[in-house]
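Have a look at the structure below before the remarks.
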Amino acid sequence: MAESEHRRTRNTSLERYVTSVSVCALVVMFWVVRASGSPRVGDRWPGLCLFVVLLCACEIKPITVARVSGVKETVASTTFAFAIFLSYGPVLAMCAQAAASLLGDLCAKKSGLKLIFNVGQYWIAWGLAAIGFAGVAGGRTLFDDGASWRWNLGVLTAGVLFFVANNSLVGAAIALSSASSMKRVVRRTIVQEATSDCVLLAWAPIVIIVADRSLVFLPLLLLPVFAVYKSASISVEKEHQALHDVLTGLPNRLSFVDALQRRIVQPKLAYKQAAVLLIDLDRFKEVNDTLGHHAGDVLLALIGPRLRPVLPELSIIARLGGDEFAILLPTVQHQVDAISIAAEIGRALEAPFPIDDFQLEVEASIGVALFPDHGRTTDELIKHADIAMYVAKSRHSVTELYDSSQDHHSTKRLRLVGELRRAISDGEITLYYQPKLDLHSGAVCGVEALVRWIHPQHGLVLPSEFVPVAEHTGLIRPLTRHVLATAVQQAAIWRQSGHELAVAINLSARSLHDGGIVHDVSEDLTRYGLPGRLLQIEITESSIMADPARARRILDQLHEMGVNLSIDDFGTGYSSLAYLQELPVNEIKIDRSFVTNVVDSPADQVIVKSTIDLAKNLGLTSTAEGIESAPALSWLRSAGCDQAQGFHIARPMPAHELGEWISEARARDSTQTLKLVSQGKHA
Ligand code: C2E
Ligand code: MG
Ligand code: MG
């Protein structure tokens with residue numbers, strides 16, 4: 001509704017402008033006819049006829065030239081109109097120009113408003129030129145006066161006045177129709193047209209001289225015009241190629257950024273909102289992989305025509321690359337308008353696309369960012385729309401409006417999360433296992449399962465890259481289920497091959513408080529036939545303290561299944577010791593930030609020793625994580641720590657490597673293993 005209101009206001013002011021131009025044109029024409037009297041043609045009528053024919057030919061076939069702001073048409077008729085003006089007087093020039101302009105506009109099927117405006121604009125411009133010419137040269141033609149200095153000066157004055165008046169009137173019309181700054185557009189039009197108009201006007205006296213010698217030579221003057229046509233059309237084609245996507249014919253990223261930039265700097269629209277919409281087709285890769293690139297290409301080419309009808313006038317739709325499209329809505333009244341257009345786009349894409357013999361269904365994720373609220377530069381707006389789009393992807397919603405609280409997700413992270421669901425089902429999410437050593441016996445007493453994403457492009461992705469974002473987007477549930485099932489299955493396999501190893505998994509706060517975890521654990525233990533005591537669950541203090549009563553209920557249920565519970569990263573959060581004592585916890589894992597430098601840091605030594613003692617007094621196992629050196633391992637053993645985990649013992653590794661590692665460790669005497677480890681030689 002806002003858009004149509006704007007359009008109506010623009011149209012009214014444009015109509016008023018054209019009416020004023022038309023009235024002025026009539027007054028000017030009246031004055032010119034009165035001032036210059038009846039035109040004198042005499043026996044020079046063949047020349048006049050030829051000029052008129054050439055004038056009409058040039059109006060019918062405009063030259064297309066590339067400009068920074070897009071492709072524009074210009075006409076070479078000015079030369080012949082000016083030649084008539086100088087040889088036969090302004091009245092005939094104005095009549096001939098009006099006839100040619102009407103003919104050209106009718107051929108191009110221009111609107112009535114444009115038809116009237118173009119004639120009016122020419123009449124005013126030639127009328128002013130006539131006033132200037134009359135003032136300086138006394139209105140005498142070349143044939144009356146010869147090339148006297150007054151005539152030369154008159155030609156110059158008339159040319160300058162025509163050029164300035166004509167381009168100012170056109171510039172004002174462009175400014176009104178695009179709601180841009182009048183001053184800026186008029187100045188820009190004058191500067192842009194200066195070169196071509198100067199050449200065309202300067203040609204007029206030459207045309208007159210040639211015509212005076214022989215009319216036969218006159219059409220030869222069109223040869224340079226043809227040369228201009230040719231080079232202009234080549235440059236337009238090149239310009240088009242540089243700014244458009246070959247496959248879809250839509251503007252490309254460069255062109256979109258340029259249009260967005262022009263919209264941002266438009267002073268008249270500085271306080272109005274604009275919207276950037278980024279669209280990503282969710283199942284495009286599948287189309288390419290299963291039906292081939294041809295089908296993918298056809299699908300991409302169908303997107304633009306499908307979306308055009310649902311977009312407001314003046315919107316720009318571009319293909320940024322791959323299956324990513326962008327839309328610029330230059331004015332939106334409220335953010336809900338942008339969201340409802342985005343929703344309409346989503347609906348438009350829902351209908352199946354006919355490709356070859358298939359009816360292909362695609363889904364889209366659309367991110368919306370608004371100018372100026374979500375960014376004042378092209379980079380910011382596109383980046384924020386991109387973030388919103390990835391949030392939409394990960395939430396499985398069609399449309400999301402950018403929200404600054406999404407900022408902590410970097411685009412790359414969100415991109416990863418967008419792919420995470422697929423990665424889980426495609427088996428890209430795997431577990432590495434890091435052994436834990438019993439410091440009293442030297443035996444391997446368990447392993448911690450640490451999630452890894454083997455990404456086809458990015459390689460190994462660590463949990464810190466995707467677990468926190470998965471937590472924010474609801475993907476943590478499928479991730480945790482996958483980790484749990486994989487870990488339980490692996491522990492069952494090791495058990496069958498004779499290695500009774502307790503496997504520990506990490507549970508984030510979201511998963512702990514998600515009621516489904518108890519059910520999932522029970523189901524997996526039953527499915528793989530693993531006793532509960534061989535599964536351990538690591539939770540942090542803060543995730544327990546987020547909702548202690550609920551945490552307690554869940555932990556109690558897990559404990560009843562025989563599952564061991566461990567407080568991870570102990571010392572880094574806040575917890576009530578009295579409360580911890582009541583929980584069915586078996587182990588405290590001392591955070592690696594206190595352990596790694598324990599040998600050199602008396603402060604860390606105090607913390608670690610106190611924690612070991614605390615665990616002992618509460619009847620819990622103490623485990624130190626992050627042991628990176630033999631001295632640290634020795635220190636912990638002498639401090640009475642029960643278990644140890646760290647790079648010095650072994651780095652996290654894939655299941656098959658861990659199997660070999662354990663077999664080697666068990667082949668040696670356990671105490672020997674511990675001794676080797678203490679001496680800094682990896683077992
Ligand atoms: P965490 O549970 O404290 O896991 C121990 C982390 O310390 C692991 O990092 C491990 O590779 C690293 N580490 C082990 N020994 C050493 C050492 O000697 N020196 C140093 N500097 N680091 C050592 P990772 O695998 O990058 O995991 C980081 C965190 O991501 C984990 O901390 C855990 O909180 C989380 N995480 C890992 N897997 C999962 C999962 O499946 N689910 C959830 N919710 N979180 C997970
Ligand atoms: Mg852990
Ligand atoms: Mg930890």
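We label chains A, B, ... in the order they appear in the structure tokens, count residues from 1 in each chain, and number ligands from 1 in the order shown.
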message: Residues contacting ligand 1 - anything with an atom at most 7 Å away, using only C-alpha atoms and all ligand atoms - can you give me those as a list of chain:residue names?
response: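 Checked against 7 Å with only C-alpha atoms and all ligand atoms; the hits are A:Ala449, A:Leu450, A:Val451, A:Leu462, A:Pro463, A:Ser464, A:Val467, A:Thr480, A:Val483, A:Ile505, A:Asn506, A:Leu507, A:Ser508, A:Asp568, A:Asp569, A:Asp591, A:Arg592, A:Thr596, A:Glu625, A:Gly626, A:Ile627, A:Glu628, A:Gln645, A:Gly646, A:Phe647, A:His648, A:Arg651, A:Pro652.
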- request: Enumerate the residues of segment 337-416 of chain A with a DSSP assignment of helix (DSSP H, G or I), computed from the backbone, and present them as a ChimeraX atom specification.
  value: /A:337-350,378-395,404-408,411-416
Output for the residues just chosen: N, CA and C atoms as a short mmCIF file (atom, residue, chain, number, x, y, z; two decimals), in the first residue's frame:
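Wrote it out as selection_6.cif, contents follow:
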```cif
data_model
loop_
_atom_site.label_atom_id
_atom_site.label_comp_id
_atom_site.auth_asym_id
_atom_site.auth_seq_id
_atom_site.Cartn_x
_atom_site.Cartn_y
_atom_site.Cartn_z
N ASP A 337 6.13 -4.87 6.04
CA ASP A 337 5.94 -4.91 4.59
C ASP A 337 7.04 -5.76 3.95
N ALA A 338 8.28 -5.55 4.42
CA ALA A 338 9.40 -6.32 3.87
C ALA A 338 9.21 -7.80 4.18
N ILE A 339 8.77 -8.08 5.41
CA ILE A 339 8.59 -9.49 5.80
C ILE A 339 7.46 -10.12 4.99
N SER A 340 6.39 -9.34 4.75
CA SER A 340 5.28 -9.96 4.01
C SER A 340 5.66 -10.18 2.55
N ILE A 341 6.50 -9.29 1.98
CA ILE A 341 6.97 -9.54 0.61
C ILE A 341 7.86 -10.80 0.60
N ALA A 342 8.71 -10.92 1.63
CA ALA A 342 9.58 -12.10 1.72
C ALA A 342 8.72 -13.37 1.81
N ALA A 343 7.65 -13.29 2.61
CA ALA A 343 6.78 -14.46 2.75
C ALA A 343 6.11 -14.79 1.41
N GLU A 344 5.74 -13.73 0.68
CA GLU A 344 5.11 -13.95 -0.63
C GLU A 344 6.10 -14.62 -1.59
N ILE A 345 7.37 -14.18 -1.50
CA ILE A 345 8.41 -14.79 -2.33
C ILE A 345 8.51 -16.28 -2.00
N GLY A 346 8.50 -16.58 -0.69
CA GLY A 346 8.56 -17.97 -0.24
C GLY A 346 7.41 -18.78 -0.84
N ARG A 347 6.22 -18.19 -0.81
CA ARG A 347 5.03 -18.89 -1.35
C ARG A 347 5.17 -19.08 -2.87
N ALA A 348 5.70 -18.02 -3.54
CA ALA A 348 5.84 -18.11 -5.00
C ALA A 348 6.79 -19.24 -5.37
N LEU A 349 7.80 -19.47 -4.52
CA LEU A 349 8.78 -20.51 -4.84
C LEU A 349 8.28 -21.91 -4.50
N GLU A 350 7.21 -21.96 -3.68
CA GLU A 350 6.69 -23.27 -3.26
C GLU A 350 6.10 -24.07 -4.42
N THR A 378 26.57 -0.98 2.10
CA THR A 378 26.19 -2.16 1.32
C THR A 378 26.71 -3.44 2.00
N ASP A 379 27.95 -3.36 2.49
CA ASP A 379 28.56 -4.54 3.12
C ASP A 379 27.74 -5.00 4.31
N GLU A 380 27.40 -4.02 5.17
CA GLU A 380 26.66 -4.35 6.39
C GLU A 380 25.31 -4.97 6.06
N LEU A 381 24.61 -4.34 5.12
CA LEU A 381 23.26 -4.81 4.79
C LEU A 381 23.29 -6.22 4.22
N ILE A 382 24.24 -6.46 3.30
CA ILE A 382 24.30 -7.78 2.68
C ILE A 382 24.73 -8.83 3.72
N LYS A 383 25.70 -8.45 4.57
CA LYS A 383 26.18 -9.39 5.59
C LYS A 383 25.04 -9.74 6.56
N HIS A 384 24.29 -8.72 6.97
CA HIS A 384 23.23 -8.98 7.94
C HIS A 384 22.07 -9.76 7.34
N ALA A 385 21.78 -9.50 6.07
CA ALA A 385 20.73 -10.29 5.41
C ALA A 385 21.21 -11.75 5.30
N ASP A 386 22.52 -11.90 5.08
CA ASP A 386 23.12 -13.24 4.96
C ASP A 386 23.00 -13.99 6.29
N ILE A 387 23.29 -13.27 7.39
CA ILE A 387 23.18 -13.90 8.72
C ILE A 387 21.73 -14.32 8.96
N ALA A 388 20.80 -13.41 8.66
CA ALA A 388 19.38 -13.72 8.87
C ALA A 388 18.97 -14.93 8.02
N MET A 389 19.54 -15.00 6.80
CA MET A 389 19.20 -16.13 5.93
C MET A 389 19.68 -17.46 6.53
N TYR A 390 20.89 -17.43 7.11
CA TYR A 390 21.39 -18.67 7.70
C TYR A 390 20.64 -19.04 8.97
N VAL A 391 20.15 -18.03 9.67
CA VAL A 391 19.31 -18.34 10.83
C VAL A 391 18.03 -19.02 10.33
N ALA A 392 17.46 -18.47 9.25
CA ALA A 392 16.25 -19.08 8.66
C ALA A 392 16.53 -20.53 8.27
N LYS A 393 17.69 -20.74 7.67
CA LYS A 393 18.06 -22.09 7.23
C LYS A 393 18.13 -23.04 8.43
N SER A 394 18.82 -22.57 9.48
CA SER A 394 19.01 -23.49 10.60
C SER A 394 17.73 -23.67 11.40
N ARG A 395 16.85 -22.66 11.38
CA ARG A 395 15.59 -22.82 12.13
C ARG A 395 14.52 -23.48 11.28
N SER A 404 20.08 -8.01 15.86
CA SER A 404 21.49 -7.84 16.23
C SER A 404 21.94 -8.90 17.23
N SER A 405 20.99 -9.56 17.92
CA SER A 405 21.42 -10.61 18.86
C SER A 405 21.96 -11.82 18.10
N GLN A 406 21.74 -11.83 16.77
CA GLN A 406 22.30 -12.94 15.98
C GLN A 406 23.78 -12.68 15.67
N ASP A 407 24.27 -11.50 16.09
CA ASP A 407 25.62 -11.11 15.70
C ASP A 407 26.72 -12.03 16.18
N HIS A 408 26.49 -12.65 17.34
CA HIS A 408 27.57 -13.51 17.84
C HIS A 408 27.78 -14.72 16.93
N THR A 411 29.13 -15.23 10.13
CA THR A 411 28.51 -15.79 8.93
C THR A 411 29.01 -17.21 8.68
N LYS A 412 30.34 -17.41 8.88
CA LYS A 412 30.89 -18.73 8.57
C LYS A 412 30.27 -19.80 9.49
N ARG A 413 30.15 -19.41 10.77
CA ARG A 413 29.57 -20.35 11.72
C ARG A 413 28.15 -20.71 11.31
N LEU A 414 27.41 -19.66 10.95
CA LEU A 414 26.02 -19.91 10.58
C LEU A 414 25.93 -20.76 9.32
N ARG A 415 26.88 -20.51 8.44
CA ARG A 415 26.92 -21.31 7.22
C ARG A 415 27.10 -22.79 7.60
N LEU A 416 28.01 -23.02 8.57
CA LEU A 416 28.26 -24.39 9.01
C LEU A 416 27.01 -24.99 9.62
#
```
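Interatomic distance, atom CA of Leu161 of chain A against atom CA of Val32 of chain A: 15.0 Å.
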- request: Counting only C-alpha atoms, figure out which residue out of A:Glu361, A:Glu448, A:Glu500, A:Glu664 gets nearest to Ile537 of chain A.
  value: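 The answer is A:Glu448, which sits nearest to Ile537 of chain A.
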query: If you run DSSP on the backbone, which residues of segment 252-436 of chain A are strand (DSSP E or B), as JSON, numbers by chain?
result: {"A": [273, 274, 275, 276, 277, 278, 279, 280, 281, 316, 317, 318, 319, 320, 321, 324, 325, 326, 327, 328, 329, 330, 331, 332, 353, 354, 355, 358, 359, 360, 364, 365, 366, 367, 368, 369, 370, 371, 399, 400, 401, 429, 430, 431, 432, 433, 434, 435, 436]}
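The gap separating atom CA of Leu475 of chain A from atom CA of Val368 of chain A is 22.1 Å, in Å to one decimal.
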Shell around Leu633 of chain A at 10 Å using only C-alpha atoms, local window under 2 positions removed, as a list in words: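 In the requested form, the answer reads Leu439, Val595, Thr596, Val598, Val599, Ala624, Gly626, Ile627, Glu628, Ser629, Ala630, Pro631, Trp635, Leu636, Arg637, Ser638, Ala639, Cys641, Gln643, Ala644, Gln645, Gly646, His648, Ile649, Leu674, Val677, Ser678, Gln679 and Gly680 of chain A.
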Selection to disk with N, CA, C and O atoms, as a short mmCIF file (atom, residue, chain, number, x, y, z; two decimals), in the first residue's frame:
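As a result, result_22.cif now contains:
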```cif
data_model
loop_
_atom_site.label_atom_id
_atom_site.label_comp_id
_atom_site.auth_asym_id
_atom_site.auth_seq_id
_atom_site.Cartn_x
_atom_site.Cartn_y
_atom_site.Cartn_z
N LEU A 439 45.56 -43.22 37.74
CA LEU A 439 46.90 -42.86 38.23
C LEU A 439 47.39 -43.79 39.34
O LEU A 439 48.56 -43.77 39.69
N VAL A 595 45.33 -27.12 35.43
CA VAL A 595 46.18 -28.31 35.41
C VAL A 595 47.44 -28.11 34.54
O VAL A 595 48.55 -28.47 34.95
N THR A 596 47.23 -27.50 33.37
CA THR A 596 48.31 -27.46 32.38
C THR A 596 49.62 -26.89 32.96
O THR A 596 50.69 -27.43 32.74
N VAL A 598 50.35 -26.52 36.24
CA VAL A 598 50.32 -26.72 37.70
C VAL A 598 51.73 -26.76 38.32
O VAL A 598 51.93 -26.28 39.44
N VAL A 599 52.70 -27.28 37.58
CA VAL A 599 54.03 -27.44 38.15
C VAL A 599 54.66 -26.07 38.47
O VAL A 599 55.33 -25.90 39.47
N ALA A 624 42.05 -35.15 36.42
CA ALA A 624 42.68 -33.90 35.94
C ALA A 624 42.71 -33.96 34.42
O ALA A 624 43.16 -34.96 33.85
N GLY A 626 43.81 -32.02 30.65
CA GLY A 626 44.75 -31.03 30.11
C GLY A 626 46.17 -31.24 30.58
O GLY A 626 46.93 -30.28 30.74
N ILE A 627 46.56 -32.50 30.79
CA ILE A 627 47.94 -32.77 31.22
C ILE A 627 48.83 -32.81 29.97
O ILE A 627 48.65 -33.64 29.09
N GLU A 628 49.75 -31.86 29.94
CA GLU A 628 50.56 -31.74 28.72
C GLU A 628 52.02 -32.13 28.93
O GLU A 628 52.82 -32.09 27.99
N SER A 629 52.39 -32.46 30.18
CA SER A 629 53.81 -32.79 30.38
C SER A 629 53.97 -33.88 31.44
O SER A 629 53.08 -34.08 32.29
N ALA A 630 55.12 -34.54 31.41
CA ALA A 630 55.41 -35.59 32.38
C ALA A 630 55.47 -35.03 33.80
O ALA A 630 54.91 -35.63 34.73
N PRO A 631 56.14 -33.85 34.03
CA PRO A 631 56.17 -33.32 35.40
C PRO A 631 54.77 -33.06 35.95
O PRO A 631 54.49 -33.33 37.13
N TRP A 635 53.30 -34.69 39.27
CA TRP A 635 52.82 -33.84 40.36
C TRP A 635 51.41 -34.27 40.78
O TRP A 635 51.11 -34.41 41.97
N LEU A 636 50.54 -34.52 39.79
CA LEU A 636 49.16 -34.88 40.08
C LEU A 636 49.08 -36.22 40.81
O LEU A 636 48.29 -36.41 41.72
N ARG A 637 49.96 -37.15 40.38
CA ARG A 637 49.94 -38.46 41.03
C ARG A 637 50.33 -38.33 42.51
O ARG A 637 49.69 -38.88 43.39
N SER A 638 51.37 -37.50 42.74
CA SER A 638 51.78 -37.35 44.13
C SER A 638 50.77 -36.53 44.93
O SER A 638 50.71 -36.64 46.15
N ALA A 639 49.97 -35.71 44.24
CA ALA A 639 48.96 -34.93 44.97
C ALA A 639 47.72 -35.77 45.27
O ALA A 639 46.78 -35.29 45.88
N CYS A 641 45.72 -37.34 42.94
CA CYS A 641 44.66 -37.32 41.91
C CYS A 641 44.40 -38.75 41.41
O CYS A 641 45.33 -39.55 41.29
N GLN A 643 42.61 -39.83 38.45
CA GLN A 643 42.68 -40.13 37.01
C GLN A 643 43.27 -38.95 36.25
O GLN A 643 43.21 -37.80 36.72
N ALA A 644 43.80 -39.24 35.05
CA ALA A 644 44.43 -38.17 34.27
C ALA A 644 44.07 -38.30 32.80
O ALA A 644 43.91 -39.40 32.27
N GLN A 645 44.00 -37.14 32.17
CA GLN A 645 43.65 -37.09 30.74
C GLN A 645 44.41 -35.91 30.15
O GLN A 645 44.48 -34.84 30.76
N GLY A 646 44.98 -36.06 28.98
CA GLY A 646 45.68 -34.91 28.38
C GLY A 646 46.53 -35.33 27.20
O GLY A 646 46.75 -36.52 26.96
N HIS A 648 49.59 -35.22 26.83
CA HIS A 648 50.80 -35.94 27.17
C HIS A 648 50.56 -37.46 27.17
O HIS A 648 51.46 -38.24 26.85
N ILE A 649 49.36 -37.84 27.53
CA ILE A 649 49.03 -39.27 27.54
C ILE A 649 48.63 -39.69 26.13
O ILE A 649 49.20 -40.60 25.55
N LEU A 674 52.53 -46.57 32.97
CA LEU A 674 52.49 -45.35 33.76
C LEU A 674 53.88 -44.74 33.89
O LEU A 674 54.05 -43.53 33.81
N VAL A 677 54.80 -43.13 30.67
CA VAL A 677 54.06 -41.88 30.53
C VAL A 677 54.68 -40.81 31.40
O VAL A 677 54.89 -39.68 30.99
N SER A 678 55.04 -41.18 32.64
CA SER A 678 55.63 -40.22 33.57
C SER A 678 56.96 -39.71 33.07
O SER A 678 57.36 -38.60 33.33
N GLN A 679 57.67 -40.59 32.32
CA GLN A 679 58.99 -40.17 31.82
C GLN A 679 58.88 -39.35 30.54
O GLN A 679 59.89 -38.92 29.99
N GLY A 680 57.67 -39.18 30.07
CA GLY A 680 57.49 -38.33 28.89
C GLY A 680 57.49 -39.10 27.60
O GLY A 680 57.51 -38.53 26.53
#
```
message: Residues near Asp356 of chain A, anyone? I mean within 10 Å using only C-alpha atoms, not counting same-chain ones fewer than 6 positions away, as JSON, numbers by chain.
response: {"A": [291, 294, 295, 298]}
query: If you measure from atom CA of Thr540 of chain A to atom CA of Ile476 of chain A, what distance in Å do you get, rounded to one decimal?
result: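 Value for the atom CA of Thr540 of chain A-atom CA of Ile476 of chain A distance: 16.0 Å.
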task: Find the residues around segment 324-332 of chain A up to 10 Å (only C-alpha atoms counted), leave out those fewer than 6 positions away in its own chain, and share them as a count of residues only.
output: 53
Residues near Leu153 of chain A, anyone? I mean within 12 Å using only C-alpha atoms, not counting same-chain ones fewer than 2 positions away, as a tab-separated table (two decimals) with C-alpha atoms, in the first residue's frame.
```
chain	number	residue	atom	x	y	z
A	132	GLY	CA	19.79	33.78	-27.83
A	133	PHE	CA	20.53	33.59	-31.54
A	134	ALA	CA	18.30	36.56	-32.29
A	135	GLY	CA	19.90	38.55	-29.50
A	136	VAL	CA	23.44	37.96	-30.77
A	137	ALA	CA	23.16	37.39	-34.55
A	138	GLY	CA	19.92	39.32	-35.11
A	139	GLY	CA	18.22	36.10	-36.21
A	140	ARG	CA	19.92	36.13	-39.62
A	147	ALA	CA	29.82	33.35	-41.66
A	148	SER	CA	30.26	36.74	-39.98
A	149	TRP	CA	31.65	36.89	-36.42
A	150	ARG	CA	28.15	37.82	-35.16
A	151	TRP	CA	26.70	34.77	-36.87
A	155	VAL	CA	25.55	29.84	-33.37
A	156	LEU	CA	27.61	29.30	-30.23
A	157	THR	CA	25.04	31.02	-28.01
A	158	ALA	CA	22.12	29.12	-29.54
A	159	GLY	CA	23.96	25.80	-29.19
A	160	VAL	CA	24.82	26.40	-25.53
```
